file protein-v1.cif (mmCIF, C-alpha atoms)
data_work
#
loop_
_atom_site.label_atom_id
_atom_site.label_comp_id
_atom_site.auth_asym_id
_atom_site.auth_seq_id
_atom_site.Cartn_x
_atom_site.Cartn_y
_atom_site.Cartn_z
CA VAL W 132 30.54 36.42 123.18
CA SER W 133 33.15 36.32 125.92
CA ASP W 134 30.90 34.81 128.54
CA ARG W 135 31.31 31.18 127.61
CA GLY W 136 30.53 29.31 130.78
CA GLY W 137 29.31 32.55 132.35
CA GLY W 138 25.87 33.15 133.83
CA GLY W 139 22.51 33.44 132.17
CA GLU W 140 22.53 30.25 130.17
CA GLU W 141 19.33 28.34 129.64
CA ILE W 142 18.61 24.71 128.84
CA ILE W 143 16.42 23.62 125.96
CA TYR W 144 15.62 20.11 124.74
CA GLY W 145 14.08 18.19 121.87
CA ARG W 146 15.10 17.67 118.26
CA ARG W 147 13.24 20.54 116.64
CA PRO W 148 13.74 23.08 119.44
CA VAL W 149 17.53 22.54 119.33
CA ALA W 150 17.62 22.51 115.50
CA GLU W 151 15.65 25.79 115.35
CA ALA W 152 17.86 27.38 118.02
CA LYS W 153 20.89 26.57 115.84
CA ARG W 154 19.44 28.50 112.91
CA GLY W 155 17.92 31.14 115.18
CA ARG W 156 19.11 34.25 116.97
CA ARG W 157 20.68 33.03 120.19
CA ARG W 158 23.97 31.30 120.64
CA VAL W 159 23.86 27.54 121.20
CA ARG W 160 26.70 27.04 123.66
CA ARG W 161 26.74 23.30 123.96
CA VAL W 162 24.74 20.30 122.77
CA TRP W 163 24.45 16.89 124.40
CA THR W 164 22.97 13.94 122.56
CA SER W 165 22.38 10.32 123.35
CA THR W 166 25.85 9.51 121.99
CA ASP W 167 27.33 11.70 124.78
CA LEU W 168 25.11 10.80 127.69
CA ASP W 169 22.62 8.11 128.62
CA ALA W 170 18.90 8.87 128.69
CA GLY W 171 18.79 9.30 132.46
CA GLU W 172 21.53 11.93 132.42
CA LEU W 173 19.81 13.76 129.54
CA THR W 174 16.55 13.70 131.52
CA ARG W 175 18.33 15.12 134.56
CA LEU W 176 19.93 17.90 132.46
CA ALA W 177 16.67 18.68 130.65
CA GLY W 178 14.52 18.47 133.76
CA SER W 179 12.09 16.46 131.62
CA PRO W 180 11.93 13.05 129.93
CA ASP W 181 10.72 14.72 126.69
CA HIS W 182 14.22 15.47 125.37
CA GLN W 183 14.19 13.04 122.40
CA GLY W 184 17.91 12.46 122.97
CA VAL W 185 18.96 16.10 122.47
CA VAL W 186 19.65 18.75 125.14
CA ALA W 187 21.37 22.11 124.62
CA GLU W 188 22.71 24.99 126.67
CA VAL W 189 21.79 28.28 125.01
CA ASP W 190 21.99 32.03 125.62
CA PRO W 191 19.00 33.58 127.41
CA TYR W 192 15.86 33.96 125.32
CA PRO W 193 16.06 37.21 123.28
CA TYR W 194 12.81 38.95 124.16
CA ALA W 195 11.75 41.69 121.73
CA ASP W 196 11.20 45.38 122.52
CA PRO W 197 7.47 45.65 123.41
CA GLU W 198 7.03 48.85 121.38
CA SER W 199 8.49 47.22 118.27
CA LEU W 200 5.61 44.77 117.96
CA PHE W 201 3.10 47.33 116.68
CA GLU W 202 5.47 48.99 114.20
CA GLY W 203 4.49 48.67 110.55
CA PRO W 204 1.10 49.28 108.94
CA ALA W 205 0.01 45.64 108.93
CA ALA W 206 1.48 44.44 112.24
CA LEU W 207 -0.43 41.44 113.61
CA VAL W 208 0.08 40.70 117.31
CA VAL W 209 -1.33 38.18 119.77
CA ALA W 210 -1.37 39.42 123.38
CA LEU W 211 -1.91 36.79 126.06
CA ASP W 212 -3.37 37.73 129.44
CA GLN W 213 -2.47 35.38 132.28
CA VAL W 214 -1.84 32.31 130.19
CA GLN W 215 0.15 30.31 132.69
CA ASP W 216 0.61 26.95 130.98
CA PRO W 217 3.95 26.91 129.12
CA ARG W 218 2.54 24.40 126.64
CA ASN W 219 -0.34 26.73 125.75
CA LEU W 220 2.12 29.61 125.37
CA GLY W 221 4.31 27.46 123.11
CA ALA W 222 1.36 26.33 121.00
CA VAL W 223 0.22 29.95 120.52
CA CYS W 224 3.79 30.95 119.60
CA ARG W 225 3.96 28.24 116.95
CA SER W 226 0.73 29.39 115.27
CA ALA W 227 1.75 33.05 115.55
CA GLU W 228 5.10 32.37 113.89
CA ALA W 229 3.39 30.44 111.11
CA ALA W 230 1.03 33.40 110.60
CA GLY W 231 3.84 35.97 110.51
CA ALA W 232 2.55 37.50 113.74
CA SER W 233 4.29 38.47 116.99
CA VAL W 234 3.37 37.81 120.63
CA ALA W 235 3.15 39.93 123.79
CA ILE W 236 2.94 38.47 127.29
CA PRO W 237 2.83 40.21 130.67
CA SER W 238 6.05 40.05 132.68
CA ARG W 239 4.20 38.75 135.72
CA ARG W 240 1.65 35.97 136.27
CA SER W 241 2.29 34.52 132.84
CA ALA W 242 4.25 31.60 131.47
CA LEU W 243 7.70 32.63 130.21
CA VAL W 244 9.74 31.07 127.45
CA THR W 245 10.95 27.95 129.21
CA ALA W 246 12.28 24.74 127.70
CA ALA W 247 8.72 23.37 127.77
CA THR W 248 7.54 26.42 125.81
CA CYS W 249 10.29 25.92 123.20
CA LYS W 250 9.28 22.28 122.88
CA ALA W 251 5.56 23.02 122.54
CA SER W 252 6.34 25.65 119.88
CA ALA W 253 8.43 23.14 117.86
CA GLY W 254 11.24 25.71 118.06
CA ALA W 255 9.14 28.51 116.51
CA VAL W 256 9.95 30.84 119.44
CA GLU W 257 13.51 31.06 118.08
CA HIS W 258 12.23 33.03 115.05
CA LEU W 259 9.35 34.90 116.67
CA ALA W 260 9.23 38.48 118.01
CA LEU W 261 8.00 37.84 121.55
CA ALA W 262 7.96 40.67 124.10
CA ARG W 263 7.33 40.84 127.81
CA VAL W 264 5.29 43.90 128.76
CA GLY W 265 5.19 45.34 132.28
CA ASN W 266 1.52 46.33 132.19
CA LEU W 267 -0.59 44.81 129.46
CA ALA W 268 -3.44 47.36 129.66
CA ASP W 269 -1.00 50.27 129.32
CA TRP W 270 0.76 48.58 126.42
CA LEU W 271 -2.58 48.06 124.65
CA GLY W 272 -3.23 51.78 125.13
CA ARG W 273 0.06 52.60 123.41
CA ALA W 274 -0.76 50.14 120.61
CA LYS W 275 -4.03 52.03 120.05
CA GLU W 276 -2.19 55.37 120.02
CA ALA W 277 0.09 53.85 117.37
CA GLY W 278 -2.94 53.11 115.21
CA ALA W 279 -3.66 49.49 116.10
CA TRP W 280 -7.15 48.05 116.47
CA VAL W 281 -7.29 46.04 119.65
CA TYR W 282 -9.73 43.11 119.69
CA GLY W 283 -10.38 40.99 122.76
CA ALA W 284 -11.59 37.41 122.49
CA GLU W 285 -14.49 36.56 124.82
CA ALA W 286 -16.82 33.55 124.66
CA GLY W 287 -20.04 35.51 125.09
CA ALA W 288 -19.20 38.58 123.00
CA GLU W 289 -21.92 39.79 120.64
CA VAL W 290 -19.77 40.35 117.55
CA PRO W 291 -18.50 37.20 115.82
CA TYR W 292 -14.85 37.42 114.81
CA THR W 293 -15.74 36.97 111.13
CA GLN W 294 -17.65 40.29 111.24
CA ALA W 295 -14.61 42.29 112.41
CA ASP W 296 -12.10 43.97 110.11
CA LEU W 297 -8.84 42.21 110.92
CA THR W 298 -6.79 43.93 108.23
CA GLY W 299 -4.26 46.65 108.99
CA LYS W 300 -2.55 46.96 112.36
CA VAL W 301 -4.27 44.56 114.75
CA VAL W 302 -3.73 43.23 118.28
CA LEU W 303 -5.72 40.12 119.28
CA VAL W 304 -6.01 39.72 123.06
CA LEU W 305 -6.72 36.26 124.50
CA GLY W 306 -7.05 35.26 128.13
CA SER W 307 -6.63 32.11 130.11
CA GLU W 308 -9.41 29.58 129.79
CA GLY W 309 -10.51 29.76 133.38
CA ALA W 310 -10.28 33.44 134.12
CA GLY W 311 -10.69 35.15 130.74
CA LEU W 312 -9.42 38.71 130.40
CA ARG W 313 -8.83 40.87 133.44
CA ARG W 314 -11.24 43.81 133.61
CA ARG W 315 -8.65 46.52 132.87
CA VAL W 316 -7.31 44.50 129.95
CA ALA W 317 -10.82 43.97 128.54
CA SER W 318 -11.63 47.66 128.88
CA SER W 319 -8.47 48.49 126.92
CA CYS W 320 -9.89 46.67 123.88
CA ASP W 321 -11.71 48.50 121.10
CA LEU W 322 -14.12 45.61 120.60
CA MET W 323 -14.76 42.15 122.05
CA LEU W 324 -15.16 39.29 119.59
CA SER W 325 -16.55 35.78 119.99
CA ILE W 326 -15.79 32.58 118.11
CA PRO W 327 -19.29 31.12 117.87
CA ALA W 328 -19.31 27.44 118.86
CA ARG W 329 -21.93 24.77 118.29
CA GLY W 330 -21.12 21.91 120.63
CA ARG W 331 -22.06 21.14 124.24
CA VAL W 332 -18.63 21.90 125.69
CA GLY W 333 -18.31 24.54 123.05
CA SER W 334 -15.13 26.31 124.04
CA LEU W 335 -11.82 26.32 122.26
CA ASN W 336 -8.44 25.93 123.85
CA VAL W 337 -6.57 29.27 123.85
CA SER W 338 -4.13 28.02 121.21
CA ALA W 339 -6.94 26.82 118.92
CA ALA W 340 -8.71 30.17 119.37
CA ALA W 341 -5.49 32.03 118.53
CA ALA W 342 -5.00 29.93 115.37
CA VAL W 343 -8.58 30.56 114.21
CA LEU W 344 -8.29 34.34 114.76
CA LEU W 345 -4.82 34.64 113.20
CA PHE W 346 -5.70 32.73 110.05
CA GLU W 347 -8.98 34.63 109.65
CA ALA W 348 -6.87 37.81 109.75
CA LEU W 349 -4.58 36.38 107.02
CA ARG W 350 -7.59 35.33 104.94
CA GLN W 351 -9.05 38.85 105.10
CA ARG W 352 -5.67 40.39 104.24
CA ASP W 353 -5.21 38.10 101.23
CA ALA W 354 -8.79 38.74 100.08
CA GLY W 355 -8.16 42.49 100.35
CA ALA W 356 -4.91 42.20 98.41
CA GLN W 357 -6.69 40.36 95.60
CA ALA W 358 -9.67 42.74 95.45
CA VAL R 290 -26.34 -1.91 133.87
CA SER R 291 -25.86 -5.24 135.61
CA ASP R 292 -22.12 -5.33 135.13
CA ARG R 293 -21.16 -3.18 138.11
CA GLY R 294 -17.69 -4.34 138.96
CA GLY R 295 -17.58 -6.33 135.71
CA GLY R 296 -15.03 -5.95 132.93
CA GLY R 297 -14.50 -3.15 130.46
CA GLU R 298 -14.34 -0.22 132.83
CA GLU R 299 -12.03 2.65 132.06
CA ILE R 300 -10.41 5.30 134.22
CA ILE R 301 -10.63 9.01 133.50
CA TYR R 302 -9.33 11.95 135.53
CA GLY R 303 -9.48 15.71 135.82
CA ARG R 304 -12.25 18.09 136.85
CA ARG R 305 -13.72 18.85 133.43
CA PRO R 306 -13.34 15.35 131.97
CA VAL R 307 -15.22 13.83 134.92
CA ALA R 308 -17.87 16.59 134.94
CA GLU R 309 -18.49 16.14 131.19
CA ALA R 310 -18.65 12.35 131.56
CA LYS R 311 -21.39 12.83 134.18
CA ARG R 312 -23.53 14.80 131.73
CA GLY R 313 -22.45 12.63 128.78
CA ARG R 314 -23.40 9.25 127.33
CA ARG R 315 -21.48 6.69 129.33
CA ARG R 316 -22.12 5.56 132.88
CA VAL R 317 -19.85 6.99 135.57
CA ARG R 318 -19.47 4.02 137.89
CA ARG R 319 -17.47 5.53 140.68
CA VAL R 320 -15.72 8.80 141.51
CA TRP R 321 -12.80 9.32 143.86
CA THR R 322 -11.81 12.80 144.99
CA SER R 323 -9.15 14.21 147.26
CA THR R 324 -11.58 13.88 150.18
CA ASP R 325 -11.57 10.09 149.64
CA LEU R 326 -7.92 9.47 148.83
CA ASP R 327 -4.62 11.25 149.15
CA ALA R 328 -2.93 12.70 146.08
CA GLY R 329 -0.52 9.79 145.74
CA GLU R 330 -3.32 7.24 145.66
CA LEU R 331 -5.24 9.33 143.10
CA THR R 332 -2.09 9.52 140.96
CA ARG R 333 -1.69 5.75 141.17
CA LEU R 334 -5.35 5.20 140.19
CA ALA R 335 -5.18 7.76 137.37
CA GLY R 336 -1.77 6.64 136.15
CA SER R 337 -0.92 10.35 135.92
CA PRO R 338 -0.32 13.27 138.29
CA ASP R 339 -2.68 15.47 136.18
CA HIS R 340 -5.85 14.35 137.97
CA GLN R 341 -6.67 17.67 139.70
CA GLY R 342 -8.03 15.71 142.65
CA VAL R 343 -10.73 13.83 140.68
CA VAL R 344 -10.58 10.30 139.25
CA ALA R 345 -13.52 8.25 137.94
CA GLU R 346 -14.25 4.74 136.74
CA VAL R 347 -16.50 4.86 133.69
CA ASP R 348 -18.01 2.55 131.07
CA PRO R 349 -15.92 1.99 127.94
CA TYR R 350 -15.81 4.90 125.49
CA PRO R 351 -18.89 4.76 123.22
CA TYR R 352 -17.37 4.90 119.75
CA ALA R 353 -19.78 5.91 116.98
CA ASP R 354 -20.73 3.87 113.90
CA PRO R 355 -18.23 4.93 111.18
CA GLU R 356 -20.94 5.11 108.51
CA SER R 357 -23.06 7.46 110.66
CA LEU R 358 -20.49 10.25 110.49
CA PHE R 359 -21.24 11.22 106.90
CA GLU R 360 -25.03 11.08 107.24
CA GLY R 361 -26.83 14.38 106.76
CA PRO R 362 -26.37 16.94 103.97
CA ALA R 363 -24.01 19.19 105.91
CA ALA R 364 -21.97 16.62 107.84
CA LEU R 365 -18.53 17.96 108.76
CA VAL R 366 -15.93 15.35 109.73
CA VAL R 367 -12.25 15.42 110.66
CA ALA R 368 -10.37 12.22 109.77
CA LEU R 369 -6.97 11.75 111.38
CA ASP R 370 -4.34 9.55 109.75
CA GLN R 371 -1.74 8.11 112.12
CA VAL R 372 -2.01 10.80 114.79
CA GLN R 373 -0.43 8.92 117.67
CA ASP R 374 -0.20 11.53 120.40
CA PRO R 375 -3.27 11.27 122.66
CA ARG R 376 -2.95 14.98 123.52
CA ASN R 377 -3.14 15.94 119.84
CA LEU R 378 -6.14 13.66 119.38
CA GLY R 379 -7.80 15.25 122.41
CA ALA R 380 -7.08 18.78 121.20
CA VAL R 381 -8.56 17.98 117.76
CA CYS R 382 -11.62 16.44 119.44
CA ARG R 383 -12.19 19.58 121.49
CA SER R 384 -12.14 21.85 118.43
CA ALA R 385 -14.29 19.42 116.45
CA GLU R 386 -16.90 19.31 119.19
CA ALA R 387 -16.93 23.10 119.38
CA ALA R 388 -17.43 23.23 115.61
CA GLY R 389 -20.28 20.72 115.62
CA ALA R 390 -18.13 18.26 113.67
CA SER R 391 -17.34 14.57 114.20
CA VAL R 392 -14.05 12.67 114.13
CA ALA R 393 -12.82 9.46 112.47
CA ILE R 394 -9.61 7.67 113.45
CA PRO R 395 -8.11 4.43 112.15
CA SER R 396 -8.41 1.44 114.49
CA ARG R 397 -4.70 0.73 114.23
CA ARG R 398 -1.60 2.91 114.55
CA SER R 399 -3.56 5.77 116.01
CA ALA R 400 -4.13 7.19 119.47
CA LEU R 401 -7.37 5.93 121.02
CA VAL R 402 -9.60 7.70 123.53
CA THR R 403 -7.56 7.27 126.67
CA ALA R 404 -7.73 9.25 129.90
CA ALA R 405 -5.07 11.58 128.47
CA THR R 406 -7.24 12.17 125.40
CA CYS R 407 -10.26 12.95 127.59
CA LYS R 408 -8.16 15.41 129.58
CA ALA R 409 -6.72 17.15 126.51
CA SER R 410 -10.24 17.47 125.06
CA ALA R 411 -11.53 19.10 128.28
CA GLY R 412 -14.17 16.37 128.30
CA ALA R 413 -15.45 17.22 124.81
CA VAL R 414 -15.04 13.58 123.70
CA GLU R 415 -18.04 12.72 125.92
CA HIS R 416 -20.34 14.65 123.55
CA LEU R 417 -18.59 14.00 120.25
CA ALA R 418 -19.36 11.40 117.58
CA LEU R 419 -15.97 9.69 117.26
CA ALA R 420 -15.58 6.52 115.20
CA ARG R 421 -12.79 4.01 114.70
CA VAL R 422 -12.55 2.88 111.09
CA GLY R 423 -10.81 -0.31 110.02
CA ASN R 424 -9.35 1.08 106.82
CA LEU R 425 -9.30 4.85 106.45
CA ALA R 426 -8.87 4.90 102.65
CA ASP R 427 -11.84 2.57 102.15
CA TRP R 428 -13.95 4.64 104.55
CA LEU R 429 -13.08 7.81 102.62
CA GLY R 430 -14.22 6.03 99.46
CA ARG R 431 -17.58 5.28 101.08
CA ALA R 432 -17.84 8.90 102.25
CA LYS R 433 -17.38 10.02 98.65
CA GLU R 434 -20.02 7.56 97.46
CA ALA R 435 -22.34 9.09 100.07
CA GLY R 436 -21.78 12.52 98.53
CA ALA R 437 -19.00 13.93 100.70
CA TRP R 438 -16.15 16.05 99.39
CA VAL R 439 -12.91 14.74 100.85
CA TYR R 440 -10.13 17.29 101.34
CA GLY R 441 -6.64 16.34 102.50
CA ALA R 442 -4.39 18.84 104.29
CA GLU R 443 -0.83 18.94 103.00
CA ALA R 444 1.80 21.63 103.60
CA GLY R 445 2.89 21.96 99.99
CA ALA R 446 -0.50 21.64 98.26
CA GLU R 447 -1.21 24.14 95.49
CA VAL R 448 -4.76 25.08 96.49
CA PRO R 449 -5.09 27.20 99.64
CA TYR R 450 -7.87 26.06 101.95
CA THR R 451 -9.67 29.40 101.62
CA GLN R 452 -10.20 28.69 97.89
CA ALA R 453 -12.02 25.40 98.51
CA ASP R 454 -15.76 25.06 98.94
CA LEU R 455 -16.13 23.70 102.47
CA THR R 456 -19.93 23.85 102.56
CA GLY R 457 -22.11 20.76 102.27
CA LYS R 458 -20.92 17.31 103.26
CA VAL R 459 -17.17 17.54 103.90
CA VAL R 460 -14.43 15.32 105.30
CA LEU R 461 -11.13 17.02 106.24
CA VAL R 462 -8.20 14.58 106.40
CA LEU R 463 -5.15 15.50 108.48
CA GLY R 464 -2.00 13.49 109.04
CA SER R 465 0.65 13.27 111.69
CA GLU R 466 3.20 16.07 111.66
CA GLY R 467 6.15 13.89 110.84
CA ALA R 468 4.71 11.51 108.29
CA GLY R 469 1.81 13.39 106.71
CA LEU R 470 -0.86 11.35 104.96
CA ARG R 471 -0.16 7.80 103.81
CA ARG R 472 -0.18 7.46 100.02
CA ARG R 473 -3.41 5.47 99.80
CA VAL R 474 -5.15 7.91 102.14
CA ALA R 475 -3.92 10.92 100.12
CA SER R 476 -5.06 9.33 96.85
CA SER R 477 -8.52 8.83 98.36
CA CYS R 478 -8.92 12.61 98.69
CA ASP R 479 -10.72 14.68 96.05
CA LEU R 480 -8.33 17.59 96.53
CA MET R 481 -5.30 18.46 98.65
CA LEU R 482 -5.35 21.82 100.46
CA SER R 483 -2.60 23.86 102.08
CA ILE R 484 -2.74 26.37 104.91
CA PRO R 485 -0.27 28.95 103.59
CA ALA R 486 2.20 29.95 106.29
CA ARG R 487 4.56 32.91 106.48
CA GLY R 488 7.12 32.15 109.15
CA ARG R 489 10.43 30.30 109.14
CA VAL R 490 9.18 27.20 110.95
CA GLY R 491 5.93 27.76 109.19
CA SER R 492 3.99 24.64 110.05
CA LEU R 493 0.96 24.32 112.26
CA ASN R 494 0.39 21.69 114.88
CA VAL R 495 -2.26 19.20 113.71
CA SER R 496 -4.78 20.53 116.24
CA ALA R 497 -4.21 24.16 115.17
CA ALA R 498 -4.58 23.12 111.52
CA ALA R 499 -7.81 21.28 112.33
CA ALA R 500 -9.20 24.34 114.15
CA VAL R 501 -8.35 26.64 111.23
CA LEU R 502 -9.98 24.33 108.66
CA LEU R 503 -13.07 23.61 110.78
CA PHE R 504 -13.81 27.25 111.52
CA GLU R 505 -13.23 28.28 107.90
CA ALA R 506 -15.86 25.66 107.01
CA LEU R 507 -18.26 27.21 109.55
CA ARG R 508 -17.51 30.71 108.24
CA GLN R 509 -18.34 29.65 104.69
CA ARG R 510 -21.52 27.90 105.82
CA ASP R 511 -22.69 30.97 107.77
CA ALA R 512 -21.84 33.25 104.85
CA GLY R 513 -23.83 30.97 102.54
CA ALA R 514 -26.80 30.95 104.91
CA GLN R 515 -26.85 34.77 104.99
CA ALA R 516 -26.46 35.20 101.22
#

call {"tool": "encode", "arguments": {"input": "protein-v1.cif", "output": "structure tokens"}}
result
Amino acid sequence: VSDRGGGGEEIIYGRRPVAEAKRGRRRVRRVWTSTDLDAGELTRLAGSPDHQGVVAEVDPYPYADPESLFEGPAALVVALDQVQDPRNLGAVCRSAEAAGASVAIPSRRSALVTAATCKASAGAVEHLALARVGNLADWLGRAKEAGAWVYGAEAGAEVPYTQADLTGKVVLVLGSEGAGLRRRVASSCDLMLSIPARGRVGSLNVSAAAAVLLFEALRQRDAGAQA
Amino acid sequence: VSDRGGGGEEIIYGRRPVAEAKRGRRRVRRVWTSTDLDAGELTRLAGSPDHQGVVAEVDPYPYADPESLFEGPAALVVALDQVQDPRNLGAVCRSAEAAGASVAIPSRRSALVTAATCKASAGAVEHLALARVGNLADWLGRAKEAGAWVYGAEAGAEVPYTQADLTGKVVLVLGSEGAGLRRRVASSCDLMLSIPARGRVGSLNVSAAAAVLLFEALRQRDAGAQA
């Protein structure tokens, strides 16, 4: 805590992101509000007009240890392959935090936890275990060795997600909407699951798909606990 | 079709929104792409830089008849109370279309189907039955008279959504994140449901909540059909 003013600081903005950072794990070094600065200066500091009158300088985002995510007999993890939109990453993080799950993202070719991610997550990233993994396929292999079932989400997959056992230690792997899962990532999954759709467009946004899968996992776990 | 150049046209933008409009219900009057105009001119036409090189002039959005939404014995409808962010409306529309559901929004104090809504829905609004209702509470009353069960989503509600019967004719009512449901809208519901959360922030975005509720309804309907 001796690096006040030193390197590595990050900027976040928005009422809930800053409020959650204050009760979260990283140090909030400085806060500017609309009583300190006018809107234009806040926009310049935030790099965005979406600051809602609150901008903060915070310590770097505390990424989790990738191996820690699949500890525990009922660990529930969302792994994102090549999801490059920070808003989609933030939306997935918010649902994962609400579901008591954690999140893994590749170090490269993926959105990182930027101010836009914090905003889209409504500050949930401050309380979430989120890890960057060097090679997602290798990490999925280690998750399987640790006893996890690894399910990939794929529009055309034969098995509907409601037919899979999502209790116990589970990793749910979702890809970007355009590209889906990379081949090596898909072949690291135990089973591919679909979310059957009925419309003409008929595909879910990655964050909606993550929410549906996560809360189906919770439903199955609760049903098992009551049985 | 004699009003070419006449009033009432709307602008949409983005690759998928324009592609879905072309195979949808309203006339696409004119399309501009990056071969016709430079990016700055497309941005000016679209009123947004998110046009992906495609902007179109289309007929006005074809809103559905509000009473038509609850026709049919298994009608599934999402009603949104005071959801003012066009991106949230679009995201809900996308999930609803994928679930084979329809959407009702109040005429006032609600986001309408703008170009930003079309974009956030990935064009799904072009195939969705979406109605504007003058008074949401009154419309919910008529839905109940027509045999629908009306469920409101509320963070603190005692009954978890997985314990409710979501088969048959069902309306799911969701509010804005800040304000929740207005009192008269809430009191028009048969039952309030919660989506139990486990995290510290612990609340879902309205579009994630809609996706979870819609796909639980489909799960129950499929399970019933197989039983």

call {"tool": "closest_atom_pairs", "arguments": {"input": "protein-v1.cif", "of": "chain R", "to": "chain W", "cutoff": "8 Å", "atoms": "all atoms listed in the file", "output": "JSON lines"}}
result
{"residue": "R:Glu309", "atom": "CA", "partner": "W:Val332", "partner_atom": "CA", "distance": 8.0}
{"residue": "R:Ala380", "atom": "CA", "partner": "W:Asn336", "partner_atom": "CA", "distance": 7.7}
{"residue": "R:Arg383", "atom": "CA", "partner": "W:Leu335", "partner_atom": "CA", "distance": 6.8}
{"residue": "R:Ser384", "atom": "CA", "partner": "W:Leu335", "partner_atom": "CA", "distance": 5.9}
{"residue": "R:Glu386", "atom": "CA", "partner": "W:Gly330", "partner_atom": "CA", "distance": 5.2}
{"residue": "R:Ala387", "atom": "CA", "partner": "W:Gly333", "partner_atom": "CA", "distance": 4.2}
{"residue": "R:Ala388", "atom": "CA", "partner": "W:Arg329", "partner_atom": "CA", "distance": 5.5}
{"residue": "R:Gly389", "atom": "CA", "partner": "W:Arg329", "partner_atom": "CA", "distance": 5.1}
{"residue": "R:Gly412", "atom": "CA", "partner": "W:Val332", "partner_atom": "CA", "distance": 7.6}
{"residue": "R:Ala413", "atom": "CA", "partner": "W:Val332", "partner_atom": "CA", "distance": 5.7}
{"residue": "R:His416", "atom": "CA", "partner": "W:Arg331", "partner_atom": "CA", "distance": 6.7}
{"residue": "R:Thr451", "atom": "CA", "partner": "W:Arg350", "partner_atom": "CA", "distance": 7.1}
{"residue": "R:Ala486", "atom": "CA", "partner": "W:Ala229", "partner_atom": "CA", "distance": 5.0}
{"residue": "R:Arg487", "atom": "CA", "partner": "W:Gly231", "partner_atom": "CA", "distance": 5.1}
{"residue": "R:Gly488", "atom": "CA", "partner": "W:Ala229", "partner_atom": "CA", "distance": 4.5}
{"residue": "R:Arg489", "atom": "CA", "partner": "W:His258", "partner_atom": "CA", "distance": 6.8}
{"residue": "R:Val490", "atom": "CA", "partner": "W:Ala255", "partner_atom": "CA", "distance": 5.7}
{"residue": "R:Gly491", "atom": "CA", "partner": "W:Ala229", "partner_atom": "CA", "distance": 4.2}
{"residue": "R:Ser492", "atom": "CA", "partner": "W:Ala229", "partner_atom": "CA", "distance": 5.9}
{"residue": "R:Leu493", "atom": "CA", "partner": "W:Ser226", "partner_atom": "CA", "distance": 5.9}
{"residue": "R:Asn494", "atom": "CA", "partner": "W:Ser226", "partner_atom": "CA", "distance": 7.7}
{"residue": "R:Ser496", "atom": "CA", "partner": "W:Ala339", "partner_atom": "CA", "distance": 7.2}
{"residue": "R:Ala497", "atom": "CA", "partner": "W:Ala339", "partner_atom": "CA", "distance": 5.3}
{"residue": "R:Ala498", "atom": "CA", "partner": "W:Ala342", "partner_atom": "CA", "distance": 7.8}
{"residue": "R:Ala500", "atom": "CA", "partner": "W:Ala339", "partner_atom": "CA", "distance": 5.8}
{"residue": "R:Val501", "atom": "CA", "partner": "W:Val343", "partner_atom": "CA", "distance": 4.9}
{"residue": "R:Phe504", "atom": "CA", "partner": "W:Val343", "partner_atom": "CA", "distance": 6.7}
{"residue": "R:Glu505", "atom": "CA", "partner": "W:Glu347", "partner_atom": "CA", "distance": 7.8}
{"residue": "R:Arg508", "atom": "CA", "partner": "W:Thr293", "partner_atom": "CA", "distance": 7.1}

call {"tool": "atom_distance", "arguments": {"input": "protein-v1.cif", "atom1": "CA of Ala150 in chain W", "atom2": "CA of Val234 in chain W"}}
result
21.5 Å

call {"tool": "resolve_selection", "arguments": {"input": "protein-v1.cif", "expression": "the PyMOL selection byres ((chain R and resi 427) around 12)", "output": "MDAnalysis selection string"}}
result
chainID R and resid 355:356 395 422:426 428:434 473:478

call {"tool": "resolve_selection", "arguments": {"input": "protein-v1.cif", "expression": "the PyMOL selection byres ((chain W and resi 297) around 10)", "output": "number ranges by chain"}}
result
W: 205, 207, 280-282, 292-296, 298-303, 344-345, 347-352

call {"tool": "write_last_selection", "arguments": {"input": "protein-v1.cif", "atoms": "C-alpha atoms", "output": "JSON list (two decimals), keeping the file's coordinate frame"}}
result
[["chain", "number", "residue", "atom", "x", "y", "z"],
["W", 205, "ALA", "CA", 0.01, 45.64, 108.93],
["W", 207, "LEU", "CA", -0.43, 41.44, 113.61],
["W", 280, "TRP", "CA", -7.15, 48.05, 116.47],
["W", 281, "VAL", "CA", -7.29, 46.04, 119.65],
["W", 282, "TYR", "CA", -9.73, 43.11, 119.69],
["W", 292, "TYR", "CA", -14.85, 37.42, 114.81],
["W", 293, "THR", "CA", -15.74, 36.97, 111.13],
["W", 294, "GLN", "CA", -17.65, 40.29, 111.24],
["W", 295, "ALA", "CA", -14.61, 42.29, 112.41],
["W", 296, "ASP", "CA", -12.10, 43.97, 110.11],
["W", 298, "THR", "CA", -6.79, 43.93, 108.23],
["W", 299, "GLY", "CA", -4.26, 46.65, 108.99],
["W", 300, "LYS", "CA", -2.55, 46.96, 112.36],
["W", 301, "VAL", "CA", -4.27, 44.56, 114.75],
["W", 302, "VAL", "CA", -3.73, 43.23, 118.28],
["W", 303, "LEU", "CA", -5.72, 40.12, 119.28],
["W", 344, "LEU", "CA", -8.29, 34.34, 114.76],
["W", 345, "LEU", "CA", -4.82, 34.64, 113.20],
["W", 347, "GLU", "CA", -8.98, 34.63, 109.65],
["W", 348, "ALA", "CA", -6.87, 37.81, 109.75],
["W", 349, "LEU", "CA", -4.58, 36.38, 107.02],
["W", 350, "ARG", "CA", -7.59, 35.33, 104.94],
["W", 351, "GLN", "CA", -9.05, 38.85, 105.10],
["W", 352, "ARG", "CA", -5.67, 40.39, 104.24]]

call {"tool": "residues_near_point", "arguments": {"input": "protein-v1.cif", "point": "(23.3, 35.7, 116.5)", "cutoff": "12 Å", "atoms": "all atoms listed in the file", "output": "ChimeraX atom specification"}}
result
/W:132,152-160,189-193,257-258
